[in-house]
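Here is structure-v1.cif, consisting of mmCIF, C-alpha atoms and all ligand atoms:
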data_final
loop_
_atom_site.label_atom_id
_atom_site.label_comp_id
_atom_site.auth_asym_id
_atom_site.auth_seq_id
_atom_site.Cartn_x
_atom_site.Cartn_y
_atom_site.Cartn_z
CA MET A 24 -5.20 16.21 -12.92
CA ILE A 25 -1.59 17.29 -12.66
CA LYS A 26 0.63 16.38 -9.70
CA TYR A 27 0.77 19.49 -7.51
CA LEU A 28 2.39 20.49 -4.25
CA GLY A 29 -0.29 21.33 -1.68
CA SER A 30 -3.08 19.95 -3.86
CA LYS A 31 -6.20 19.30 -1.81
CA ARG A 32 -7.08 16.10 -3.65
CA ARG A 33 -7.84 14.21 -0.44
CA LEU A 34 -9.65 17.10 1.24
CA VAL A 35 -12.12 17.89 -1.55
CA PRO A 36 -14.97 15.81 -0.05
CA GLN A 37 -14.63 17.52 3.35
CA ILE A 38 -14.36 21.03 1.88
CA VAL A 39 -17.38 20.47 -0.36
CA ALA A 40 -19.37 18.97 2.55
CA LEU A 41 -18.59 22.06 4.64
CA ALA A 42 -19.64 24.41 1.83
CA GLN A 43 -22.86 22.45 1.34
CA ALA A 44 -23.62 22.68 5.06
CA ILE A 45 -23.72 26.50 4.84
CA PRO A 46 -27.39 27.47 4.60
CA GLU A 47 -28.46 28.75 1.18
CA ALA A 48 -24.91 28.86 -0.17
CA ARG A 49 -24.90 29.02 -3.98
CA THR A 50 -21.83 31.03 -5.01
CA ALA A 51 -18.21 30.25 -4.23
CA LEU A 52 -14.76 31.68 -4.87
CA ASP A 53 -11.65 29.47 -4.80
CA LEU A 54 -9.04 32.22 -4.44
CA PHE A 55 -5.85 30.11 -4.77
CA THR A 56 -7.26 27.45 -7.06
CA GLY A 57 -4.04 25.73 -8.31
CA THR A 58 -5.19 22.51 -10.00
CA THR A 59 -8.86 23.67 -9.60
CA ARG A 60 -9.71 20.42 -7.79
CA VAL A 61 -11.65 22.15 -5.03
CA ALA A 62 -13.36 24.50 -7.49
CA GLN A 63 -14.33 21.45 -9.56
CA GLY A 64 -15.73 19.72 -6.47
CA LEU A 65 -17.81 22.81 -5.68
CA LYS A 66 -18.99 23.17 -9.29
CA ALA A 67 -19.96 19.49 -9.40
CA ALA A 68 -21.96 20.04 -6.19
CA GLY A 69 -23.98 22.78 -7.90
CA PHE A 70 -22.17 25.94 -6.80
CA THR A 71 -21.57 28.79 -9.25
CA VAL A 72 -17.82 29.00 -8.90
CA THR A 73 -15.14 31.59 -9.59
CA ALA A 74 -11.63 30.09 -9.66
CA ASN A 75 -8.64 32.40 -9.29
CA ASP A 76 -4.86 31.93 -9.22
CA CYS A 77 -1.95 34.08 -10.39
CA ALA A 78 -0.34 31.20 -12.34
CA SER A 79 -1.05 31.10 -16.10
CA TYR A 80 -1.32 27.30 -16.14
CA SER A 81 -3.89 27.44 -13.37
CA GLY A 82 -5.80 30.08 -15.37
CA VAL A 83 -5.97 27.67 -18.31
CA LEU A 84 -7.16 24.79 -16.10
CA ALA A 85 -9.81 27.10 -14.59
CA GLU A 86 -10.91 28.26 -18.05
CA ALA A 87 -11.42 24.61 -19.09
CA TYR A 88 -12.84 23.07 -15.92
CA ILE A 89 -14.66 25.98 -14.28
CA ALA A 90 -15.54 28.65 -16.87
CA THR A 91 -16.48 26.20 -19.63
CA ASP A 92 -19.98 24.76 -19.58
CA ALA A 93 -19.58 21.18 -20.82
CA ALA A 94 -23.09 21.32 -22.23
CA ALA A 95 -22.05 24.15 -24.56
CA VAL A 96 -18.96 22.40 -25.94
CA ASP A 97 -19.13 20.83 -29.40
CA SER A 98 -17.52 17.59 -28.23
CA THR A 99 -17.29 16.11 -31.75
CA ARG A 100 -15.31 19.13 -32.94
CA MET A 101 -13.18 19.12 -29.75
CA MET A 102 -12.34 15.41 -30.02
CA ALA A 103 -11.44 15.93 -33.70
CA LEU A 104 -9.14 18.82 -32.76
CA LEU A 105 -7.40 16.75 -30.06
CA ALA A 106 -7.04 13.83 -32.51
CA GLU A 107 -5.53 16.14 -35.12
CA LEU A 108 -3.08 17.57 -32.57
CA ASP A 109 -2.23 14.10 -31.28
CA ALA A 110 -1.42 12.93 -34.81
CA LEU A 111 1.10 15.72 -35.53
CA PRO A 112 4.65 14.50 -36.19
CA GLY A 113 7.13 15.54 -33.49
CA GLU A 114 9.19 18.66 -34.09
CA ARG A 115 12.31 19.63 -32.12
CA GLY A 116 11.75 23.05 -30.54
CA TYR A 117 12.19 24.93 -27.27
CA VAL A 118 10.76 22.22 -24.99
CA THR A 119 12.91 19.49 -26.55
CA ARG A 120 16.09 21.56 -26.36
CA THR A 121 15.54 23.03 -22.89
CA PHE A 122 13.70 20.30 -20.98
CA CYS A 123 14.90 17.13 -22.75
CA GLU A 124 18.48 17.91 -23.88
CA ASP A 125 19.73 20.61 -21.45
CA ALA A 126 17.66 18.88 -18.73
CA ARG A 127 15.85 15.54 -18.59
CA TYR A 128 12.25 16.18 -17.61
CA PHE A 129 10.83 14.33 -20.65
CA GLN A 130 12.19 11.81 -23.10
CA PRO A 131 13.21 13.71 -26.28
CA ALA A 132 10.57 11.95 -28.39
CA ASN A 133 7.88 13.23 -26.01
CA GLY A 134 9.51 16.67 -25.96
CA GLU A 135 9.17 16.80 -29.74
CA ARG A 136 5.53 15.83 -29.44
CA ILE A 137 4.96 18.59 -26.87
CA ASP A 138 6.63 21.15 -29.18
CA ALA A 139 4.56 20.08 -32.17
CA ILE A 140 1.26 20.01 -30.25
CA ARG A 141 1.92 23.34 -28.55
CA ALA A 142 2.55 25.02 -31.91
CA GLY A 143 -0.47 23.19 -33.35
CA ILE A 144 -2.74 24.60 -30.63
CA ASP A 145 -1.81 28.15 -31.69
CA ARG A 146 -2.61 27.30 -35.32
CA LEU A 147 -5.69 25.15 -34.95
CA ALA A 148 -7.70 26.19 -31.86
CA ARG A 149 -10.48 28.46 -33.10
CA THR A 150 -11.73 29.93 -29.80
CA PRO A 151 -10.31 30.72 -26.33
CA THR A 152 -12.33 27.78 -24.98
CA GLU A 153 -10.86 25.34 -27.51
CA ARG A 154 -7.40 26.68 -26.71
CA ALA A 155 -7.93 26.23 -22.93
CA ILE A 156 -9.25 22.68 -23.35
CA ALA A 157 -6.39 21.72 -25.70
CA LEU A 158 -3.75 23.25 -23.39
CA THR A 159 -5.30 21.46 -20.41
CA SER A 160 -5.15 18.20 -22.34
CA LEU A 161 -1.48 18.87 -23.21
CA LEU A 162 -0.51 19.78 -19.60
CA GLU A 163 -2.13 16.61 -18.30
CA ALA A 164 -0.57 14.47 -21.03
CA ALA A 165 2.90 15.92 -20.31
CA ASP A 166 2.40 15.38 -16.56
CA ARG A 167 1.66 11.68 -17.21
CA VAL A 168 5.07 11.16 -18.89
CA ASP A 169 7.36 13.43 -16.85
CA SER A 170 10.43 12.30 -14.95
CA THR A 171 10.12 14.21 -11.67
CA THR A 172 8.75 13.68 -8.18
CA GLY A 173 6.01 16.16 -9.05
CA GLN A 174 7.93 19.42 -8.78
CA GLN A 175 10.06 21.00 -11.49
CA MET A 176 12.96 22.15 -9.35
CA ALA A 177 14.70 18.90 -10.28
CA TYR A 178 14.29 15.84 -12.50
CA LEU A 179 15.09 12.27 -11.56
CA LYS A 180 18.59 10.93 -12.11
CA GLN A 181 17.16 7.74 -13.63
CA TRP A 182 14.29 8.09 -16.10
CA SER A 183 10.92 7.41 -14.42
CA THR A 184 9.00 4.41 -15.74
CA ARG A 185 6.18 6.63 -16.97
CA SER A 186 8.58 8.76 -19.04
CA HIS A 187 9.02 5.83 -21.47
CA ARG A 188 5.34 5.94 -22.46
CA THR A 189 4.32 7.88 -25.53
CA LEU A 190 2.63 11.17 -24.67
CA SER A 191 -0.98 11.09 -25.77
CA LEU A 192 -3.82 13.59 -25.49
CA ARG A 193 -7.12 12.80 -23.77
CA MET A 194 -10.30 14.81 -23.63
CA PRO A 195 -10.51 16.45 -20.17
CA THR A 196 -13.66 15.54 -18.22
CA LEU A 197 -15.49 18.85 -18.26
CA LEU A 198 -18.35 19.86 -15.97
CA ALA A 199 -21.72 21.26 -16.91
CA GLY A 200 -22.71 24.66 -15.57
CA ALA A 201 -21.60 28.26 -15.44
CA GLY A 202 -18.40 29.47 -13.80
CA ARG A 203 -15.64 32.02 -14.09
CA ALA A 204 -11.83 31.90 -14.31
CA LEU A 205 -9.62 34.75 -13.11
CA CYS A 206 -5.86 35.03 -13.17
CA GLU A 207 -5.17 37.75 -10.63
CA ASP A 208 -3.13 38.42 -7.55
CA ALA A 209 -5.23 37.21 -4.60
CA ARG A 210 -5.34 40.66 -3.01
CA VAL A 211 -6.63 42.25 -6.22
CA CYS A 212 -9.26 39.54 -6.61
CA ALA A 213 -10.33 39.81 -2.95
CA ALA A 214 -10.78 43.57 -3.33
CA ARG A 215 -13.31 43.24 -6.19
CA ASP A 216 -16.91 44.19 -5.50
CA ASP A 217 -18.12 40.63 -6.12
CA VAL A 218 -19.92 39.01 -3.18
CA TYR A 219 -19.77 35.26 -2.49
CA ASP A 220 -21.66 33.00 -0.13
CA VAL A 221 -18.44 31.10 0.58
CA VAL A 222 -14.77 31.73 -0.19
CA TYR A 223 -12.20 28.95 0.01
CA LEU A 224 -8.66 30.07 0.90
CA ASP A 225 -5.68 27.78 0.34
CA PRO A 226 -2.65 30.07 0.21
CA PRO A 227 0.92 28.81 -0.19
CA TYR A 228 2.05 27.89 3.29
CA ASN A 229 5.83 28.16 3.08
CA GLN A 230 8.69 29.70 1.11
CA HIS A 231 8.51 27.34 -1.87
CA SER A 232 7.47 29.28 -4.96
CA TYR A 233 4.86 27.75 -7.26
CA TYR A 234 6.22 29.85 -10.11
CA GLY A 235 9.61 28.18 -9.71
CA ASN A 236 8.27 24.72 -8.93
CA TYR A 237 5.99 24.63 -11.97
CA HIS A 238 8.03 26.73 -14.40
CA ILE A 239 7.56 24.22 -17.24
CA TRP A 240 3.76 24.45 -17.06
CA GLU A 241 4.04 28.24 -17.00
CA THR A 242 6.28 28.25 -20.08
CA LEU A 243 4.15 25.69 -21.90
CA VAL A 244 1.00 27.74 -21.42
CA ARG A 245 2.63 31.06 -22.28
CA GLY A 246 4.55 29.56 -25.20
CA ASP A 247 7.17 32.28 -24.76
CA ALA A 248 10.49 30.36 -24.94
CA PRO A 249 12.29 32.33 -22.20
CA GLU A 250 15.99 32.22 -21.32
CA SER A 251 16.60 29.58 -18.67
CA TYR A 252 19.25 28.91 -16.03
CA GLY A 253 20.78 26.24 -13.83
CA VAL A 254 20.45 22.47 -13.85
CA ALA A 255 16.65 22.79 -13.57
CA ARG A 256 16.50 25.18 -16.58
CA LYS A 257 14.07 27.51 -14.83
CA ARG A 258 12.85 30.65 -16.59
CA THR A 259 15.17 33.52 -15.65
CA ASP A 260 12.19 35.55 -14.39
CA VAL A 261 11.72 32.95 -11.62
CA ARG A 262 14.53 34.86 -9.89
CA THR A 263 12.47 38.03 -9.73
CA THR A 264 8.87 36.77 -9.66
CA LYS A 265 8.03 36.19 -6.00
CA SER A 266 4.64 35.73 -4.41
CA VAL A 267 4.17 37.73 -1.24
CA PHE A 268 2.56 34.59 0.24
CA ASN A 269 5.92 32.79 0.04
CA LEU A 270 7.69 35.45 2.13
CA ARG A 271 7.59 34.70 5.82
CA GLY A 272 7.71 38.37 6.78
CA ALA A 273 5.02 39.55 4.34
CA ALA A 274 2.61 36.62 4.05
CA TRP A 275 0.80 37.44 7.25
CA ASN A 276 -0.10 41.01 6.21
CA ALA A 277 -1.07 39.82 2.73
CA LEU A 278 -3.44 37.18 4.10
CA ARG A 279 -4.78 39.69 6.59
CA ASP A 280 -5.56 42.08 3.70
CA VAL A 281 -7.35 39.30 1.85
CA VAL A 282 -9.45 38.22 4.84
CA LEU A 283 -10.37 41.77 5.80
CA THR A 284 -11.32 42.91 2.28
CA LEU A 285 -13.13 39.98 0.68
CA ARG A 286 -16.90 40.06 0.61
CA ALA A 287 -18.16 36.72 1.83
CA ARG A 288 -20.67 35.35 4.30
CA HIS A 289 -18.46 32.37 5.14
CA VAL A 290 -14.82 31.48 4.62
CA ILE A 291 -13.23 28.04 4.62
CA LEU A 292 -9.45 28.23 5.00
CA SER A 293 -7.03 25.32 4.94
CA PHE A 294 -3.57 25.54 6.38
CA SER A 295 -0.92 22.96 7.13
CA ASN A 296 0.67 22.54 10.53
CA GLU A 297 3.95 22.71 8.57
CA GLY A 298 3.21 26.23 7.31
CA PHE A 299 4.81 29.32 8.72
CA LEU A 300 1.62 30.95 10.05
CA SER A 301 0.26 29.81 13.39
CA ASN A 302 -3.21 28.36 13.93
CA ALA A 303 -3.82 30.68 16.85
CA ALA A 304 -3.15 33.78 14.77
CA LEU A 305 -5.20 32.54 11.79
CA ARG A 306 -8.07 31.83 14.12
CA ALA A 307 -7.82 35.27 15.78
CA LEU A 308 -7.83 36.93 12.34
CA LEU A 309 -10.94 35.02 11.25
CA VAL A 310 -12.68 35.81 14.54
CA GLU A 311 -11.86 39.50 14.06
CA ARG A 312 -13.51 39.49 10.62
CA PHE A 313 -16.28 36.89 10.90
CA GLY A 314 -17.01 36.58 14.63
CA GLU A 315 -17.28 32.82 14.78
CA VAL A 316 -14.73 30.16 13.83
CA ALA A 317 -14.64 26.35 14.06
CA MET A 318 -11.54 24.29 13.28
CA VAL A 319 -11.36 20.75 11.94
CA PRO A 320 -8.06 18.82 11.99
CA VAL A 321 -7.46 16.42 9.09
CA ASP A 322 -4.55 14.01 9.26
CA SER A 323 -3.06 13.38 5.80
CA PRO A 324 -0.07 11.69 4.18
CA ARG A 325 2.60 14.17 3.19
CA TYR A 326 3.25 15.18 -0.39
CA VAL A 327 4.53 12.37 -2.65
CA GLY A 328 7.97 14.03 -2.92
CA ALA A 329 8.38 13.67 0.84
CA ARG A 330 7.61 9.98 0.60
CA ILE A 331 10.06 9.49 -2.27
CA GLY A 332 12.89 11.09 -0.26
CA ILE A 333 15.06 14.20 -0.49
CA HIS A 334 16.80 14.78 -3.83
CA ASN A 335 19.43 17.29 -4.86
CA LEU A 336 19.20 19.45 -7.99
CA ARG A 337 20.64 16.61 -10.05
CA GLY A 338 17.81 14.32 -8.94
CA GLU A 339 20.07 12.19 -6.75
CA ARG A 340 18.50 10.91 -3.54
CA VAL A 341 20.40 12.55 -0.70
CA GLY A 342 18.23 11.82 2.34
CA GLU A 343 14.99 10.77 3.93
CA VAL A 344 12.33 13.00 5.41
CA SER A 345 11.64 12.85 9.12
CA HIS A 346 7.87 12.18 9.05
CA LEU A 347 5.33 11.02 6.51
CA ARG A 348 2.08 12.51 7.82
CA ASN A 349 0.95 16.03 8.62
CA THR A 350 -2.18 17.74 9.93
CA GLU A 351 -4.12 19.99 7.64
CA TRP A 352 -6.50 22.33 9.47
CA LEU A 353 -9.81 23.39 7.98
CA PHE A 354 -11.08 26.64 9.49
CA VAL A 355 -14.72 27.53 8.97
CA ALA A 356 -15.58 31.17 9.69
CA GLY A 357 -18.96 32.89 9.63
CA PRO A 358 -22.39 32.67 11.23
CA ASP A 359 -22.97 29.40 13.12
CA ALA A 360 -19.55 28.02 12.11
CA ALA A 361 -19.84 25.21 14.68
CA GLY A 362 -23.25 24.25 13.25
CA VAL A 363 -21.81 24.16 9.72
CA VAL A 364 -19.12 21.73 10.87
CA ALA A 365 -21.64 19.57 12.74
CA ARG A 366 -24.05 19.45 9.76
CA ALA A 367 -21.12 18.39 7.54
CA GLY A 368 -20.70 15.39 9.86
CA MET A 369 -17.35 16.54 11.24
CA GLU A 370 -16.05 17.29 14.68
CA ALA A 371 -14.53 20.67 15.51
CA ALA A 372 -11.48 20.88 17.74
CA VAL A 373 -11.84 23.11 20.77
CA LEU A 374 -8.74 25.26 21.28
CA PRO A 375 -8.30 28.05 23.83
CA ALA A 376 -8.42 31.57 22.38
CA ASP A 377 -5.09 33.42 22.37
CA PRO A 378 -5.55 37.06 21.35
CA ASP A 379 -1.79 37.73 21.70
CA ALA A 380 -0.80 34.86 19.45
CA SER A 381 2.22 35.38 17.21
CA PRO A 382 1.39 35.07 13.51
CA PHE A 383 4.28 32.69 13.12
CA GLN A 384 4.46 28.99 13.82
CA GLU A 385 7.19 27.98 16.26
CA ALA A 386 10.09 26.42 14.36
CA SER A 387 10.05 22.67 14.99
C1 LIG B 1 -1.56 25.55 -1.85
S1 LIG B 1 -1.67 25.95 -3.56
C2 LIG B 1 -3.39 25.73 -3.89
C3 LIG B 1 -3.71 24.31 -4.22
C4 LIG B 1 -5.14 24.09 -4.65
N1 LIG B 1 -6.08 24.27 -3.57
C5 LIG B 1 -5.29 22.66 -5.21
O1 LIG B 1 -5.93 21.82 -4.60
O2 LIG B 1 -4.73 22.45 -6.30
C6 LIG B 1 -1.48 27.69 -3.55
C7 LIG B 1 -1.74 28.39 -4.87
O3 LIG B 1 -1.60 29.79 -4.68
C8 LIG B 1 -1.15 30.36 -5.89
N2 LIG B 1 -0.61 31.71 -5.56
C9 LIG B 1 0.59 32.02 -5.01
N3 LIG B 1 0.69 33.34 -4.82
C10 LIG B 1 -0.48 33.89 -5.26
C11 LIG B 1 -0.97 35.22 -5.34
N4 LIG B 1 -0.24 36.26 -4.92
N5 LIG B 1 -2.20 35.42 -5.86
C12 LIG B 1 -2.94 34.38 -6.32
N6 LIG B 1 -2.51 33.09 -6.28
C13 LIG B 1 -1.31 32.85 -5.74
C14 LIG B 1 -0.15 29.38 -6.42
O4 LIG B 1 0.03 29.54 -7.82
C15 LIG B 1 -0.77 28.03 -6.01
O5 LIG B 1 -1.49 27.47 -7.08
#
Can the structure from this file be put into structure tokens for me?
Ligand SMILES: C[S@@+](CC[C@H](N)C(=O)[O-])C[C@H]1O[C@@H](n2cnc3c(N)ncnc32)[C@H](O)[C@@H]1O
Amino acid sequence: MIKYLGSKRRLVPQIVALAQAIPEARTALDLFTGTTRVAQGLKAAGFTVTANDCASYSGVLAEAYIATDAAAVDSTRMMALLAELDALPGERGYVTRTFCEDARYFQPANGERIDAIRAGIDRLARTPTERAIALTSLLEAADRVDSTTGQQMAYLKQWSTRSHRTLSLRMPTLLAGAGRALCEDARVCAARDDVYDVVYLDPPYNQHSYYGNYHIWETLVRGDAPESYGVARKRTDVRTTKSVFNLRGAAWNALRDVVLTLRARHVILSFSNEGFLSNAALRALLVERFGEVAMVPVDSPRYVGARIGIHNLRGERVGEVSHLRNTEWLFVAGPDAAGVVARAGMEAAVLPADPDASPFQEAS
């Protein structure tokens, strides 16, 4: 799995336990699926899962891990394809020039391997499923040899240790069962007629754009060699491609639209205490739509970048962060929400209702 800001790696067991504690729940939507970790957890637990995200790289991960039924994959053919791609000689192309010479995200030898494999996927993958699995394998292989703290707004001043390893493809661990991948704006996806037993919501919680922070994955999946700018060599369309969920003034109404339009019996929403929407307002919104809400606080270490320190655009360490842990809140909304939390073996926090709550978190 790729390193990802806001990834719910540590929360997957709790989220899956909550979903399993919902009576007769069989279908699930992960509306902001990112790495697809939560969707994978739900699929592995037997749910029929739809994974959605507006990012192209996330769409590819969802196609491989969620929409593909491992039992239907010809693994001999797939392993042979990955071996053939892995054996291609390096070739200097867009990735090498932009991300290894103009910037230093990968060692040039690995950049040449990425260029050769990416072009090879277009030539050699015979079906959309093969393409998604091969691209997933390439994204994960590139992530294992990058020289960043996990975000692509900067690269490290000194090469990371892992960047010296030779990039190599592995077969992703696919899951058996049916599923669906969508690559839509969350509001469009929420407005579909599809009905789910449970919807998991994990929207961006601050102003940091995933499109800008993971521009290399976006470019690698699209294979479109865009013009780039600045030290970080971001795609120029990063300047104009903004998610409404990253805009403090608009995120609240966007999330409100999503919650009020989606068709679900239960919702599980996670939100960080460092996000710009307040718990009281999120809770009031969920009560308005679903009637009953229970909230579970989960203490977690902050994102790896925070632990590594603050870096400038040139990858130089310029400061330390003030705290290393944060609280992630899991909201469960729907019939007998408190019972769902109790059956999942968790304890809900009791907070006083505040119907006049401001949508925004107080600045700390
Ligand atoms: C907090 S991350 C989700 C992380 C995910 N739960 C995981 O564990 O990997 C938020 C996700 O929302 C996606 N996103 C941002 N704006 C969106 C929009 N308007 N519609 C759909 N997805 C969006 C981002 O691409 C990002 O992957």
Give one line per residue of chain A that approaches ligand LIG 1 (chain B) to at most 6 Å, naming the two atoms of the closest pair and their distance in Å to one decimal, counting only C-alpha atoms and all ligand atoms; sort by chain then ascending residue number and deliver it as JSON lines.
{"residue": "A:Gly29", "atom": "CA", "partner": "B:LIG1", "partner_atom": "C1", "distance": 4.4}
{"residue": "A:Ser30", "atom": "CA", "partner": "B:LIG1", "partner_atom": "O1", "distance": 3.5}
{"residue": "A:Lys31", "atom": "CA", "partner": "B:LIG1", "partner_atom": "O1", "distance": 3.8}
{"residue": "A:Arg32", "atom": "CA", "partner": "B:LIG1", "partner_atom": "O1", "distance": 5.9}
{"residue": "A:Phe55", "atom": "CA", "partner": "B:LIG1", "partner_atom": "O3", "distance": 4.3}
{"residue": "A:Thr56", "atom": "CA", "partner": "B:LIG1", "partner_atom": "C4", "distance": 4.6}
{"residue": "A:Gly57", "atom": "CA", "partner": "B:LIG1", "partner_atom": "O5", "distance": 3.3}
{"residue": "A:Thr58", "atom": "CA", "partner": "B:LIG1", "partner_atom": "O2", "distance": 3.7}
{"residue": "A:Thr59", "atom": "CA", "partner": "B:LIG1", "partner_atom": "O2", "distance": 5.4}
{"residue": "A:Arg60", "atom": "CA", "partner": "B:LIG1", "partner_atom": "O1", "distance": 5.1}
{"residue": "A:Val61", "atom": "CA", "partner": "B:LIG1", "partner_atom": "O1", "distance": 5.7}
{"residue": "A:Asp76", "atom": "CA", "partner": "B:LIG1", "partner_atom": "N6", "distance": 3.9}
{"residue": "A:Cys77", "atom": "CA", "partner": "B:LIG1", "partner_atom": "C12", "distance": 4.2}
{"residue": "A:Ala78", "atom": "CA", "partner": "B:LIG1", "partner_atom": "O4", "distance": 4.8}
{"residue": "A:Glu207", "atom": "CA", "partner": "B:LIG1", "partner_atom": "C12", "distance": 5.9}
{"residue": "A:Asp208", "atom": "CA", "partner": "B:LIG1", "partner_atom": "N5", "distance": 3.6}
{"residue": "A:Ala209", "atom": "CA", "partner": "B:LIG1", "partner_atom": "N5", "distance": 3.7}
{"residue": "A:Asp225", "atom": "CA", "partner": "B:LIG1", "partner_atom": "C1", "distance": 5.2}
{"residue": "A:Pro226", "atom": "CA", "partner": "B:LIG1", "partner_atom": "C6", "distance": 4.6}
{"residue": "A:Pro227", "atom": "CA", "partner": "B:LIG1", "partner_atom": "C6", "distance": 4.3}
{"residue": "A:Tyr233", "atom": "CA", "partner": "B:LIG1", "partner_atom": "O4", "distance": 5.2}
{"residue": "A:Ser266", "atom": "CA", "partner": "B:LIG1", "partner_atom": "N3", "distance": 4.6}
{"residue": "A:Val267", "atom": "CA", "partner": "B:LIG1", "partner_atom": "N4", "distance": 5.9}
{"residue": "A:Phe268", "atom": "CA", "partner": "B:LIG1", "partner_atom": "N3", "distance": 5.5}
Closest to Gly64 (chain A) among A:Gly202, A:Gly357, A:Pro36, A:Pro151, using all atoms listed in the file?
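Going through A:Gly202, A:Gly357, A:Pro36, A:Pro151 one by one, the smallest distance to Gly64 (chain A) is for A:Pro36.
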For a quick check of your reading of the model, name the residues lying within 9 Å of the coordinate (-3.9, 16.1, -14.8), counting all atoms listed in the file, and write them as a ChimeraX atom specification.
/A:24-26,58,159-160,162-167,195
Would you save the residues of that selection, restricted to C-alpha atoms, as a compact mmCIF listing (two decimals), in the frame of the given file?
# COMPACT_ATOMS: atom_id res chain seq x y z
CA MET A 24 -5.20 16.21 -12.92
CA ILE A 25 -1.59 17.29 -12.66
CA LYS A 26 0.63 16.38 -9.70
CA THR A 58 -5.19 22.51 -10.00
CA THR A 159 -5.30 21.46 -20.41
CA SER A 160 -5.15 18.20 -22.34
CA LEU A 162 -0.51 19.78 -19.60
CA GLU A 163 -2.13 16.61 -18.30
CA ALA A 164 -0.57 14.47 -21.03
CA ALA A 165 2.90 15.92 -20.31
CA ASP A 166 2.40 15.38 -16.56
CA ARG A 167 1.66 11.68 -17.21
CA PRO A 195 -10.51 16.45 -20.17
For Gly362 (chain A), which residue among A:Leu111, A:Leu190, A:Leu41, A:Ile291 is the nearest when counting all atoms listed in the file?
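Nearest to Gly362 (chain A): A:Leu41.
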Show me, as a PyMOL selection string, the residues that have an atom within 10 Å of Ala68 (chain A) when counting only C-alpha atoms, minus same-chain residues fewer than 6 positions from it.
chain A and resi 39-40+42-43+49+62
At what distance in Å, to one decimal, does CA of Thr73 (chain A) lie from CA of Arg366 (chain A)?
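Between these atoms lies a distance of 24.5 Å.
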Just how far from CA of Ile239 (chain A) is CA of Thr259 (chain A), in Å to one decimal?
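Between CA of Thr259 (chain A) and CA of Ile239 (chain A) the gap works out to 12.1 Å.
In this comparison, which uses all atoms listed in the file, the residue of A:Leu197, A:Val118, A:Ala74, A:Asp280 approaching Val211 (chain A) most closely is A:Asp280.
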Atomic separation - CA of Gly200 (chain A) relative to CA of Asp92 (chain A), Å
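Computing the Euclidean distance for CA of Asp92 (chain A) and CA of Gly200 (chain A) yields 4.9 Å.
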Among the residues A:Arg193, A:Arg256, A:Arg286, A:Arg154, the one that comes closest to Cys212 (chain A) [using all atoms listed in the file]
A:Arg286
So, with all atoms listed in the file as the atoms that count, which of A:Asp216, A:Arg203, A:Leu161, A:Pro46 lies closest to Pro358 (chain A)?
A:Pro46
Residue nearest Met369 (chain A) - candidates A:Val321, A:Leu243, A:Val221, A:Ala356, atoms counted: all atoms listed in the file:
A:Val321
Which residues are near Ala371 (chain A)? Cut-off 12 Å, only C-alpha atoms, ignore same chain within fewer than 2 positions. Put them as a list in words.
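Everything that qualifies: Leu41, Val316, Ala317, Met318, Val319, Pro320, Val321, Trp352, Leu353, Phe354, Val355, Ala360, Ala361, Gly362, Val363, Val364, Ala365, Arg366, Ala367, Gly368, Met369, Val373 and Leu374 of chain A.
Shell of Trp182 (chain A) at 9 Å, with only C-alpha atoms counted and residues fewer than 3 places along the chain excluded, is Arg127, Tyr128, Phe129, Gln130, Asp169, Ser170, Thr171, Tyr178, Leu179, Arg185, Ser186 and His187 of chain A.
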Find the residues around Ser323 (chain A) up to 7 Å (only C-alpha atoms counted), leave out those fewer than 2 positions away in its own chain, and share them as a PyMOL selection string.
chain A and resi 321+325+348-351
I'd like the contact shell of Cys123 (chain A) - 10 Å cut-off, only C-alpha atoms, skipping same-chain residues fewer than 6 positions apart - returned as a ChimeraX atom specification.
/A:117,129-135
Which protein, DNA or RNA residues have an atom at most 10 Å from (-21.0, 40.5, -6.1), counting only C-alpha atoms? List them as JSON, numbers by chain.
{"A": [50, 215, 216, 217, 218, 219, 220, 286, 287]}
